[in-house]
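Okay, final.cif now, which holds mmCIF, C-alpha atoms and all ligand atoms; chains and numbers go by the auth columns:
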```
data_data
#
loop_
_atom_site.group_PDB
_atom_site.id
_atom_site.type_symbol
_atom_site.label_atom_id
_atom_site.label_comp_id
_atom_site.label_asym_id
_atom_site.label_seq_id
_atom_site.Cartn_x
_atom_site.Cartn_y
_atom_site.Cartn_z
_atom_site.B_iso_or_equiv
_atom_site.auth_seq_id
_atom_site.auth_asym_id
ATOM 1 C CA MET A 1 70.189 -10.457 75.356 0.00 1 A
ATOM 2 C CA ASP A 2 66.722 -11.686 76.247 0.00 2 A
ATOM 3 C CA SER A 3 66.459 -15.408 75.665 0.00 3 A
ATOM 4 C CA LEU A 4 63.176 -15.011 73.813 0.00 4 A
ATOM 5 C CA SER A 5 64.545 -12.632 71.250 0.00 5 A
ATOM 6 C CA THR A 6 66.336 -13.319 68.033 0.00 6 A
ATOM 7 C CA PRO A 7 68.735 -10.729 66.694 0.00 7 A
ATOM 8 C CA ASN A 8 67.224 -8.770 63.853 0.00 8 A
ATOM 9 C CA ALA A 9 70.064 -8.572 61.379 0.00 9 A
ATOM 10 C CA SER A 10 68.182 -6.075 59.232 0.00 10 A
ATOM 11 C CA CYS A 11 67.993 -3.568 62.099 0.00 11 A
ATOM 12 C CA SER A 12 71.503 -2.754 63.158 0.00 12 A
ATOM 13 C CA THR A 13 70.551 0.648 64.596 0.00 13 A
ATOM 14 C CA ILE A 14 68.510 -0.765 67.500 0.00 14 A
ATOM 15 C CA PRO A 15 69.941 -2.585 70.521 0.00 15 A
ATOM 16 C CA VAL A 16 68.959 -6.252 70.565 0.00 16 A
ATOM 17 C CA GLY A 17 66.348 -7.427 73.083 0.00 17 A
ATOM 18 C CA ALA A 18 62.824 -8.784 73.305 0.00 18 A
ATOM 19 C CA ALA A 19 61.266 -5.316 73.470 0.00 19 A
ATOM 20 C CA SER A 20 63.179 -3.986 70.482 0.00 20 A
ATOM 21 C CA GLU A 21 62.493 -7.188 68.586 0.00 21 A
ATOM 22 C CA LEU A 22 58.783 -6.689 69.232 0.00 22 A
ATOM 23 C CA CYS A 23 58.984 -3.104 67.978 0.00 23 A
ATOM 24 C CA THR A 24 60.827 -4.028 64.799 0.00 24 A
ATOM 25 C CA ARG A 25 58.061 -6.520 64.068 0.00 25 A
ATOM 26 C CA CYS A 26 55.376 -3.972 64.859 0.00 26 A
ATOM 27 C CA GLY A 27 56.210 -0.407 63.835 0.00 27 A
ATOM 28 C CA MET A 28 52.626 0.744 64.326 0.00 28 A
ATOM 29 C CA CYS A 29 53.659 3.867 66.236 0.00 29 A
ATOM 30 C CA CYS A 30 55.805 4.898 63.248 0.00 30 A
ATOM 31 C CA ASP A 31 53.834 3.805 60.189 0.00 31 A
ATOM 32 C CA GLY A 32 50.635 5.828 60.464 0.00 32 A
ATOM 33 C CA THR A 33 48.520 3.196 62.197 0.00 33 A
ATOM 34 C CA LEU A 34 48.435 4.974 65.567 0.00 34 A
ATOM 35 C CA PHE A 35 49.500 8.511 64.777 0.00 35 A
ATOM 36 C CA ALA A 36 49.414 10.961 61.893 0.00 36 A
ATOM 37 C CA SER A 37 52.694 12.675 62.773 0.00 37 A
ATOM 38 C CA VAL A 38 55.386 13.237 65.383 0.00 38 A
ATOM 39 C CA ALA A 39 55.843 16.730 66.820 0.00 39 A
ATOM 40 C CA LEU A 40 59.432 17.983 67.001 0.00 40 A
ATOM 41 C CA ASP A 41 61.034 20.456 69.401 0.00 41 A
ATOM 42 C CA GLU A 42 63.023 23.407 68.056 0.00 42 A
ATOM 43 C CA ASN A 43 66.370 21.570 68.182 0.00 43 A
ATOM 44 C CA GLU A 44 64.934 18.562 66.391 0.00 44 A
ATOM 45 C CA LYS A 45 63.356 20.763 63.711 0.00 45 A
ATOM 46 C CA SER A 46 66.719 22.280 63.010 0.00 46 A
ATOM 47 C CA ARG A 47 68.616 18.964 63.229 0.00 47 A
ATOM 48 C CA LEU A 48 66.188 17.069 61.007 0.00 48 A
ATOM 49 C CA GLY A 49 65.471 19.981 58.686 0.00 49 A
ATOM 50 C CA ARG A 50 61.694 19.707 58.955 0.00 50 A
ATOM 51 C CA GLU A 51 58.848 21.076 61.041 0.00 51 A
ATOM 52 C CA LEU A 52 57.110 17.775 61.720 0.00 52 A
ATOM 53 C CA LEU A 53 57.595 14.078 61.044 0.00 53 A
ATOM 54 C CA PRO A 54 54.548 12.925 59.109 0.00 54 A
ATOM 55 C CA GLN A 55 53.853 9.200 59.235 0.00 55 A
ATOM 56 C CA THR A 56 54.642 6.823 57.667 0.00 56 A
ATOM 57 C CA CYS A 57 57.925 8.137 59.074 0.00 57 A
ATOM 58 C CA VAL A 58 60.602 8.713 56.472 0.00 58 A
ATOM 59 C CA PHE A 59 63.141 7.160 58.874 0.00 59 A
ATOM 60 C CA LEU A 60 61.277 3.862 59.188 0.00 60 A
ATOM 61 C CA ASN A 61 62.849 1.176 57.047 0.00 61 A
ATOM 62 C CA GLY A 62 61.677 -2.435 57.250 0.00 62 A
ATOM 63 C CA GLY A 63 60.450 -2.018 60.826 0.00 63 A
ATOM 64 C CA CYS A 64 63.716 -0.352 61.788 0.00 64 A
ATOM 65 C CA CYS A 65 64.243 3.268 62.870 0.00 65 A
ATOM 66 C CA GLN A 66 67.242 4.500 60.906 0.00 66 A
ATOM 67 C CA ILE A 67 67.934 7.287 63.419 0.00 67 A
ATOM 68 C CA TYR A 68 67.195 5.290 66.565 0.00 68 A
ATOM 69 C CA ALA A 69 70.074 6.712 68.642 0.00 69 A
ATOM 70 C CA GLN A 70 69.075 10.273 67.647 0.00 70 A
ATOM 71 C CA ARG A 71 65.319 9.793 67.391 0.00 71 A
ATOM 72 C CA PRO A 72 63.087 12.703 68.493 0.00 72 A
ATOM 73 C CA SER A 73 62.174 13.023 72.157 0.00 73 A
ATOM 74 C CA ARG A 74 58.505 12.186 71.474 0.00 74 A
ATOM 75 C CA CYS A 75 59.605 8.872 69.966 0.00 75 A
ATOM 76 C CA ARG A 76 62.016 8.277 72.827 0.00 76 A
ATOM 77 C CA VAL A 77 59.388 8.634 75.555 0.00 77 A
ATOM 78 C CA PHE A 78 56.580 6.817 73.801 0.00 78 A
ATOM 79 C CA GLN A 79 55.781 3.343 75.011 0.00 79 A
ATOM 80 C CA CYS A 80 52.588 1.574 74.103 0.00 80 A
ATOM 81 C CA GLN A 81 50.757 -0.413 76.782 0.00 81 A
ATOM 82 C CA LEU A 82 52.031 -3.655 75.306 0.00 82 A
ATOM 83 C CA LEU A 83 55.650 -2.582 75.617 0.00 83 A
ATOM 84 C CA GLU A 84 55.019 -1.276 79.130 0.00 84 A
ATOM 85 C CA GLY A 85 53.556 -4.658 80.008 0.00 85 A
ATOM 86 C CA MET A 86 56.648 -6.410 78.710 0.00 86 A
ATOM 87 C CA HIS A 87 58.938 -4.146 80.699 0.00 87 A
ATOM 88 C CA ALA A 88 56.818 -4.759 83.793 0.00 88 A
ATOM 89 C CA SER A 89 56.820 -8.535 83.083 0.00 89 A
ATOM 90 C CA THR A 90 53.028 -8.580 83.043 0.00 90 A
ATOM 91 C CA GLU A 91 53.029 -9.417 79.321 0.00 91 A
ATOM 92 C CA SER A 92 54.989 -12.253 77.737 0.00 92 A
ATOM 93 C CA TYR A 93 56.939 -11.725 74.549 0.00 93 A
ATOM 94 C CA GLN A 94 55.078 -14.498 72.739 0.00 94 A
ATOM 95 C CA ASN A 95 51.701 -13.093 73.724 0.00 95 A
ATOM 96 C CA ALA A 96 52.773 -9.588 72.737 0.00 96 A
ATOM 97 C CA LEU A 97 53.926 -10.872 69.349 0.00 97 A
ATOM 98 C CA GLN A 98 50.548 -12.512 68.802 0.00 98 A
ATOM 99 C CA ILE A 99 48.712 -9.315 69.731 0.00 99 A
ATOM 100 C CA VAL A 100 50.867 -7.347 67.276 0.00 100 A
ATOM 101 C CA ALA A 101 50.223 -9.910 64.526 0.00 101 A
ATOM 102 C CA ASP A 102 46.452 -9.943 65.168 0.00 102 A
ATOM 103 C CA THR A 103 46.279 -6.157 65.261 0.00 103 A
ATOM 104 C CA LYS A 104 48.267 -5.738 62.046 0.00 104 A
ATOM 105 C CA LYS A 105 46.035 -8.289 60.331 0.00 105 A
ATOM 106 C CA LEU A 106 42.968 -6.316 61.365 0.00 106 A
ATOM 107 C CA ARG A 107 44.649 -3.063 60.323 0.00 107 A
ATOM 108 C CA ASP A 108 45.423 -4.519 56.887 0.00 108 A
ATOM 109 C CA GLU A 109 41.843 -5.776 56.478 0.00 109 A
ATOM 110 C CA LEU A 110 40.544 -2.306 57.283 0.00 110 A
ATOM 111 C CA HIS A 111 43.030 -0.744 54.880 0.00 111 A
ATOM 112 C CA ARG A 112 41.912 -3.094 52.092 0.00 112 A
ATOM 113 C CA GLU A 113 38.268 -2.297 52.731 0.00 113 A
ATOM 114 C CA LEU A 114 39.013 1.430 52.708 0.00 114 A
ATOM 115 C CA LEU A 115 40.620 1.081 49.283 0.00 115 A
ATOM 116 C CA LEU A 116 37.633 -0.843 47.982 0.00 116 A
ATOM 117 C CA ALA A 117 35.412 1.990 49.185 0.00 117 A
ATOM 118 C CA LEU A 118 37.676 4.773 47.925 0.00 118 A
ATOM 119 C CA PRO A 119 40.513 3.738 45.559 0.00 119 A
ATOM 120 C CA SER A 120 41.928 7.285 45.767 0.00 120 A
ATOM 121 C CA LEU A 121 43.165 6.429 49.300 0.00 121 A
ATOM 122 C CA GLU A 122 45.882 4.207 47.809 0.00 122 A
ATOM 123 C CA GLY A 123 49.280 4.895 49.354 0.00 123 A
ATOM 124 C CA LEU A 124 48.003 6.752 52.429 0.00 124 A
ATOM 125 C CA PRO A 125 48.802 5.500 55.929 0.00 125 A
ATOM 126 C CA LEU A 126 45.789 4.386 57.929 0.00 126 A
ATOM 127 C CA VAL A 127 45.202 7.498 60.052 0.00 127 A
ATOM 128 C CA GLU A 128 45.235 9.708 56.948 0.00 128 A
ATOM 129 C CA ALA A 129 43.109 7.279 54.940 0.00 129 A
ATOM 130 C CA LEU A 130 40.465 7.278 57.668 0.00 130 A
ATOM 131 C CA LYS A 131 40.397 11.076 57.789 0.00 131 A
ATOM 132 C CA LYS A 132 39.947 11.300 54.024 0.00 132 A
ATOM 133 C CA PHE A 133 37.380 8.492 54.063 0.00 133 A
ATOM 134 C CA ARG A 134 35.177 10.662 56.262 0.00 134 A
ATOM 135 C CA LYS A 135 35.783 13.920 54.378 0.00 135 A
ATOM 136 C CA GLN A 136 35.601 12.708 50.788 0.00 136 A
ATOM 137 C CA SER A 137 32.270 10.967 51.232 0.00 137 A
ATOM 138 C CA LYS A 138 30.578 14.376 51.004 0.00 138 A
ATOM 139 C CA SER A 139 31.797 15.009 47.466 0.00 139 A
ATOM 140 C CA LEU A 140 30.984 11.600 45.960 0.00 140 A
ATOM 141 C CA MET A 141 28.317 11.030 43.326 0.00 141 A
ATOM 142 C CA GLY A 142 26.975 8.260 41.093 0.00 142 A
ATOM 143 C CA ASN A 143 28.954 5.002 40.958 0.00 143 A
ATOM 144 C CA ALA A 144 31.638 6.310 43.293 0.00 144 A
ATOM 145 C CA LEU A 145 29.001 7.019 45.922 0.00 145 A
ATOM 146 C CA GLN A 146 27.430 3.579 45.443 0.00 146 A
ATOM 147 C CA ARG A 147 30.827 1.942 45.823 0.00 147 A
ATOM 148 C CA TYR A 148 31.530 3.954 48.982 0.00 148 A
ATOM 149 C CA LEU A 149 28.178 3.100 50.540 0.00 149 A
ATOM 150 C CA SER A 150 28.505 -0.609 49.755 0.00 150 A
ATOM 151 C CA HIS A 151 31.761 -0.780 51.776 0.00 151 A
ATOM 152 C CA LYS A 152 30.997 1.748 54.484 0.00 152 A
ATOM 153 C CA ARG A 153 29.390 -0.664 56.918 0.00 153 A
ATOM 154 C CA GLU A 154 32.351 -3.067 56.751 0.00 154 A
ATOM 155 C CA VAL A 155 34.822 -0.197 57.126 0.00 155 A
ATOM 156 C CA LEU A 156 33.023 0.959 60.273 0.00 156 A
ATOM 157 C CA ARG A 157 32.847 -2.580 61.670 0.00 157 A
ATOM 158 C CA LEU A 158 36.571 -3.186 61.160 0.00 158 A
ATOM 159 C CA LYS A 159 37.446 0.262 62.480 0.00 159 A
ATOM 160 C CA LYS A 160 35.532 -0.414 65.670 0.00 160 A
ATOM 161 C CA LEU A 161 37.372 -3.714 66.183 0.00 161 A
ATOM 162 C CA LEU A 162 40.723 -2.102 65.466 0.00 162 A
ATOM 163 C CA ASP A 163 40.006 0.841 67.791 0.00 163 A
ATOM 164 C CA GLN A 164 39.264 -1.618 70.594 0.00 164 A
ATOM 165 C CA LYS A 165 42.608 -3.323 70.100 0.00 165 A
ATOM 166 C CA LEU A 166 44.525 -0.071 69.782 0.00 166 A
ATOM 167 C CA ASP A 167 42.886 1.308 72.928 0.00 167 A
ATOM 168 C CA GLU A 168 43.499 -1.890 74.863 0.00 168 A
ATOM 169 C CA TYR A 169 47.132 -2.473 73.901 0.00 169 A
ATOM 170 C CA PHE A 170 48.697 0.433 72.069 0.00 170 A
ATOM 171 C CA TYR A 171 47.470 3.942 72.887 0.00 171 A
ATOM 172 C CA PRO A 172 48.908 5.114 76.203 0.00 172 A
ATOM 173 C CA ALA A 173 46.386 4.341 78.943 0.00 173 A
ATOM 174 C CA LYS A 174 46.969 7.619 80.785 0.00 174 A
ATOM 175 C CA ASP A 175 46.735 9.835 77.721 0.00 175 A
ATOM 176 C CA ALA A 176 43.994 8.639 75.424 0.00 176 A
ATOM 177 C CA SER A 177 43.893 12.053 73.752 0.00 177 A
ATOM 178 C CA SER A 178 47.428 11.719 72.369 0.00 178 A
ATOM 179 C CA ARG A 179 46.466 10.182 69.049 0.00 179 A
ATOM 180 C CA GLU A 180 48.298 12.940 67.241 0.00 180 A
ATOM 181 C CA VAL A 181 51.785 12.520 68.737 0.00 181 A
HETATM 182 S S1 LIG B . 53.313 0.382 68.977 0.00 1 B
HETATM 183 FE FE1 LIG B . 54.392 -0.464 70.786 0.00 1 B
HETATM 184 S S2 LIG B . 55.172 -2.452 70.154 0.00 1 B
HETATM 185 FE FE2 LIG B . 54.621 -1.321 68.307 0.00 1 B
HETATM 186 S S3 LIG B . 56.532 -0.331 67.657 0.00 1 B
HETATM 187 FE FE3 LIG B . 55.423 1.132 68.921 0.00 1 B
HETATM 188 S S4 LIG B . 56.179 0.866 71.020 0.00 1 B
HETATM 189 FE FE4 LIG B . 56.803 -0.950 69.825 0.00 1 B
HETATM 190 S S1 LIG B . 62.041 8.762 64.068 0.00 2 B
HETATM 191 FE FE1 LIG B . 62.207 6.564 64.339 0.00 2 B
HETATM 192 S S2 LIG B . 61.034 6.135 66.225 0.00 2 B
HETATM 193 FE FE2 LIG B . 60.429 8.171 65.490 0.00 2 B
HETATM 194 S S3 LIG B . 58.596 7.833 64.201 0.00 2 B
HETATM 195 FE FE3 LIG B . 60.414 7.821 62.870 0.00 2 B
HETATM 196 S S4 LIG B . 60.956 5.662 62.684 0.00 2 B
HETATM 197 FE FE4 LIG B . 59.629 5.875 64.469 0.00 2 B
#
```

Can I see the file as C-alpha cells?
Ligand code: SF4
Ligand code: SF4
Amino acid sequence: MDSLSTPNASCSTIPVGAASELCTRCGMCCDGTLFASVALDENEKSRLGRELLPQTCVFLNGGCCQIYAQRPSRCRVFQCQLLEGMHASTESYQNALQIVADTKKLRDELHRELLLALPSLEGLPLVEALKKFRKQSKSLMGNALQRYLSHKREVLRLKKLLDQKLDEYFYPAKDASSREV
C-alpha cells in the first residue's frame, strides 16, 4: 500500500493505493463533470443491460465504482492527466488531492450559479446542465430571461476557469476531443 494513502473503508470494491484513493475522492470522470456518458461495446451492453452509461453513473456510490472489477473498457483505459502524473511520479499525491479539491470547489460554484440562472437545471450533472443552459436560453421570456441574463456573465466566467483546470489536469492531453467518452 502506498504510504500516502489511507484505506477507504467505504470503497471495498477498489484496490487500496494512492491513485485509487485519489479517484474515490474525485469521481469527476464518473459524475458528469467531465463526460456526459460512457460508450459500451456490444458485450458490455448485453452484460449491463443498457446501451450507454449516462453520467452521473448509476454504479457510482460515494466516490466508489460498485462494479470496479467488471467496469466497462472505456472506464478501464481512461486516465486523467493528474492520475498519469501520479503514476509517472511527476505529481505528488498531496498536490493531486489539492487540485481535485480546488477543481471540485470551482465545479460546485459553477453548478450553483447555473441553478441561480435556471432553477430547472436542478438535479442535472454539470455537462448536461451546461448543454441545457445554452439551449434553454432561447425559449426564456420575462422574469426568467432577466434572471438568466443576470447570472450569465458569472456562469461564463466560472466555466472558463473550470475549463482551464479540466484541460490542464483532467481531459486526456492527447485526445482533447474525447469529452463524450
Ligand atoms: S478524473 Fe482522474 S482523478 Fe478523478 S476519478 Fe477520474 S481518473 Fe481519478
Ligand atoms: S462504471 Fe464505474 S468507472 Fe465507469 S463511469 Fe461508472 S462508476 Fe465510473

Just say which residues the PyMOL selection byres (((chain A and resi 67) around 12) and not hetatm) picks in this file, as an mmCIF file with C-alpha atoms, in the coordinates of the input.
```cif
data_model
loop_
_atom_site.group_PDB
_atom_site.id
_atom_site.type_symbol
_atom_site.label_atom_id
_atom_site.label_comp_id
_atom_site.auth_asym_id
_atom_site.auth_seq_id
_atom_site.Cartn_x
_atom_site.Cartn_y
_atom_site.Cartn_z
ATOM 1 C CA CYS A 11 67.993 -3.568 62.099
ATOM 2 C CA SER A 12 71.503 -2.754 63.158
ATOM 3 C CA THR A 13 70.551 0.648 64.596
ATOM 4 C CA ILE A 14 68.510 -0.765 67.500
ATOM 5 C CA ARG A 47 68.616 18.964 63.229
ATOM 6 C CA LEU A 48 66.188 17.069 61.007
ATOM 7 C CA CYS A 57 57.925 8.137 59.074
ATOM 8 C CA VAL A 58 60.602 8.713 56.472
ATOM 9 C CA PHE A 59 63.141 7.160 58.874
ATOM 10 C CA LEU A 60 61.277 3.862 59.188
ATOM 11 C CA ASN A 61 62.849 1.176 57.047
ATOM 12 C CA CYS A 64 63.716 -0.352 61.788
ATOM 13 C CA CYS A 65 64.243 3.268 62.870
ATOM 14 C CA GLN A 66 67.242 4.500 60.906
ATOM 15 C CA TYR A 68 67.195 5.290 66.565
ATOM 16 C CA ALA A 69 70.074 6.712 68.642
ATOM 17 C CA GLN A 70 69.075 10.273 67.647
ATOM 18 C CA ARG A 71 65.319 9.793 67.391
ATOM 19 C CA PRO A 72 63.087 12.703 68.493
ATOM 20 C CA SER A 73 62.174 13.023 72.157
ATOM 21 C CA CYS A 75 59.605 8.872 69.966
ATOM 22 C CA ARG A 76 62.016 8.277 72.827
#
```

Let me have the centre and edge lengths of the axis-aligned box enclosing all listed atoms of ligand LIG 2 (chain B) with 8 Å padding on every side, in Å to one decimal, as AutoDock Vina command-line options.
```
--center_x 60.4 --center_y 7.2 --center_z 64.5 --size_x 19.6 --size_y 19.1 --size_z 19.5
```

Problem set entry | Neighbour list for A:Cys80 as a ChimeraX atom specification, cut-off 8 Å, all atoms listed in the file, skip fewer than 6 positions in-chain | /A:169-172

For the residues in that selection, give me C-alpha atoms as an mmCIF file, in the frame of the given file.
```cif
data_model
loop_
_atom_site.group_PDB
_atom_site.id
_atom_site.type_symbol
_atom_site.label_atom_id
_atom_site.label_comp_id
_atom_site.auth_asym_id
_atom_site.auth_seq_id
_atom_site.Cartn_x
_atom_site.Cartn_y
_atom_site.Cartn_z
ATOM 1 C CA TYR A 169 47.132 -2.473 73.901
ATOM 2 C CA PHE A 170 48.697 0.433 72.069
ATOM 3 C CA TYR A 171 47.470 3.942 72.887
ATOM 4 C CA PRO A 172 48.908 5.114 76.203
#
```

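Of the listed residues A:Glu51, A:Glu84, A:Glu122, A:Asp108, the one whose atoms come nearest to ligand LIG 1 (chain B) is A:Glu84, with distances taken using all atoms listed in the file.
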
Between chain A and ligand LIG 1 (chain B), at 9 Å or less, what are the per-residue closest atom pairs and their distances in Å? Count only C-alpha atoms and all ligand atoms, order by chain and rising residue number, and return it as JSON lines.
```
{"residue": "A:Ala19", "atom": "CA", "partner": "B:LIG1", "partner_atom": "FE4", "distance": 7.2}
{"residue": "A:Ser20", "atom": "CA", "partner": "B:LIG1", "partner_atom": "FE4", "distance": 7.1}
{"residue": "A:Glu21", "atom": "CA", "partner": "B:LIG1", "partner_atom": "FE4", "distance": 8.5}
{"residue": "A:Leu22", "atom": "CA", "partner": "B:LIG1", "partner_atom": "S2", "distance": 5.6}
{"residue": "A:Cys23", "atom": "CA", "partner": "B:LIG1", "partner_atom": "FE4", "distance": 3.6}
{"residue": "A:Thr24", "atom": "CA", "partner": "B:LIG1", "partner_atom": "S3", "distance": 6.3}
{"residue": "A:Arg25", "atom": "CA", "partner": "B:LIG1", "partner_atom": "S3", "distance": 7.3}
{"residue": "A:Cys26", "atom": "CA", "partner": "B:LIG1", "partner_atom": "FE2", "distance": 4.4}
{"residue": "A:Gly27", "atom": "CA", "partner": "B:LIG1", "partner_atom": "S3", "distance": 3.8}
{"residue": "A:Met28", "atom": "CA", "partner": "B:LIG1", "partner_atom": "S1", "distance": 4.7}
{"residue": "A:Cys29", "atom": "CA", "partner": "B:LIG1", "partner_atom": "FE3", "distance": 4.2}
{"residue": "A:Cys30", "atom": "CA", "partner": "B:LIG1", "partner_atom": "FE3", "distance": 6.8}
{"residue": "A:Asp31", "atom": "CA", "partner": "B:LIG1", "partner_atom": "S3", "distance": 9.0}
{"residue": "A:Thr33", "atom": "CA", "partner": "B:LIG1", "partner_atom": "S1", "distance": 8.8}
{"residue": "A:Leu34", "atom": "CA", "partner": "B:LIG1", "partner_atom": "S1", "distance": 7.5}
{"residue": "A:Gly63", "atom": "CA", "partner": "B:LIG1", "partner_atom": "S3", "distance": 8.1}
{"residue": "A:Cys75", "atom": "CA", "partner": "B:LIG1", "partner_atom": "S4", "distance": 8.8}
{"residue": "A:Phe78", "atom": "CA", "partner": "B:LIG1", "partner_atom": "S4", "distance": 6.6}
{"residue": "A:Gln79", "atom": "CA", "partner": "B:LIG1", "partner_atom": "S4", "distance": 4.7}
{"residue": "A:Cys80", "atom": "CA", "partner": "B:LIG1", "partner_atom": "FE1", "distance": 4.3}
{"residue": "A:Gln81", "atom": "CA", "partner": "B:LIG1", "partner_atom": "FE1", "distance": 7.0}
{"residue": "A:Leu82", "atom": "CA", "partner": "B:LIG1", "partner_atom": "FE1", "distance": 6.0}
{"residue": "A:Leu83", "atom": "CA", "partner": "B:LIG1", "partner_atom": "FE1", "distance": 5.4}
{"residue": "A:Glu84", "atom": "CA", "partner": "B:LIG1", "partner_atom": "FE1", "distance": 8.4}
{"residue": "A:Ala96", "atom": "CA", "partner": "B:LIG1", "partner_atom": "S2", "distance": 8.0}
{"residue": "A:Leu97", "atom": "CA", "partner": "B:LIG1", "partner_atom": "S2", "distance": 8.5}
{"residue": "A:Val100", "atom": "CA", "partner": "B:LIG1", "partner_atom": "S2", "distance": 7.1}
{"residue": "A:Leu166", "atom": "CA", "partner": "B:LIG1", "partner_atom": "S1", "distance": 8.8}
{"residue": "A:Tyr169", "atom": "CA", "partner": "B:LIG1", "partner_atom": "FE1", "distance": 8.2}
{"residue": "A:Phe170", "atom": "CA", "partner": "B:LIG1", "partner_atom": "S1", "distance": 5.6}
{"residue": "A:Tyr171", "atom": "CA", "partner": "B:LIG1", "partner_atom": "S1", "distance": 7.9}
```

Let's have the selection written as a compact mmCIF listing (two decimals), in the coordinates of the input, with C-alpha atoms.
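See result.txt below for the written result:
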```txt
# COMPACT_ATOMS: atom_id res chain seq x y z
CA ALA A 19 61.27 -5.32 73.47
CA SER A 20 63.18 -3.99 70.48
CA GLU A 21 62.49 -7.19 68.59
CA LEU A 22 58.78 -6.69 69.23
CA CYS A 23 58.98 -3.10 67.98
CA THR A 24 60.83 -4.03 64.80
CA ARG A 25 58.06 -6.52 64.07
CA CYS A 26 55.38 -3.97 64.86
CA GLY A 27 56.21 -0.41 63.84
CA MET A 28 52.63 0.74 64.33
CA CYS A 29 53.66 3.87 66.24
CA CYS A 30 55.80 4.90 63.25
CA ASP A 31 53.83 3.80 60.19
CA THR A 33 48.52 3.20 62.20
CA LEU A 34 48.44 4.97 65.57
CA GLY A 63 60.45 -2.02 60.83
CA CYS A 75 59.60 8.87 69.97
CA PHE A 78 56.58 6.82 73.80
CA GLN A 79 55.78 3.34 75.01
CA CYS A 80 52.59 1.57 74.10
CA GLN A 81 50.76 -0.41 76.78
CA LEU A 82 52.03 -3.66 75.31
CA LEU A 83 55.65 -2.58 75.62
CA GLU A 84 55.02 -1.28 79.13
CA ALA A 96 52.77 -9.59 72.74
CA LEU A 97 53.93 -10.87 69.35
CA VAL A 100 50.87 -7.35 67.28
CA LEU A 166 44.52 -0.07 69.78
CA TYR A 169 47.13 -2.47 73.90
CA PHE A 170 48.70 0.43 72.07
CA TYR A 171 47.47 3.94 72.89
```

For this session: Rank A:Thr56, A:Ser46, A:Ser150, A:Ser89 by their smallest atom-to-atom distance to ligand LIG 2 (chain B), using all atoms listed in the file, and report the top residue only.
Result: A:Thr56

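Among the candidates A:Ala88, A:Pro125, A:Leu116, A:His111, the residue lying nearest to A:Ser37 is A:Pro125 (atoms considered: only C-alpha atoms).
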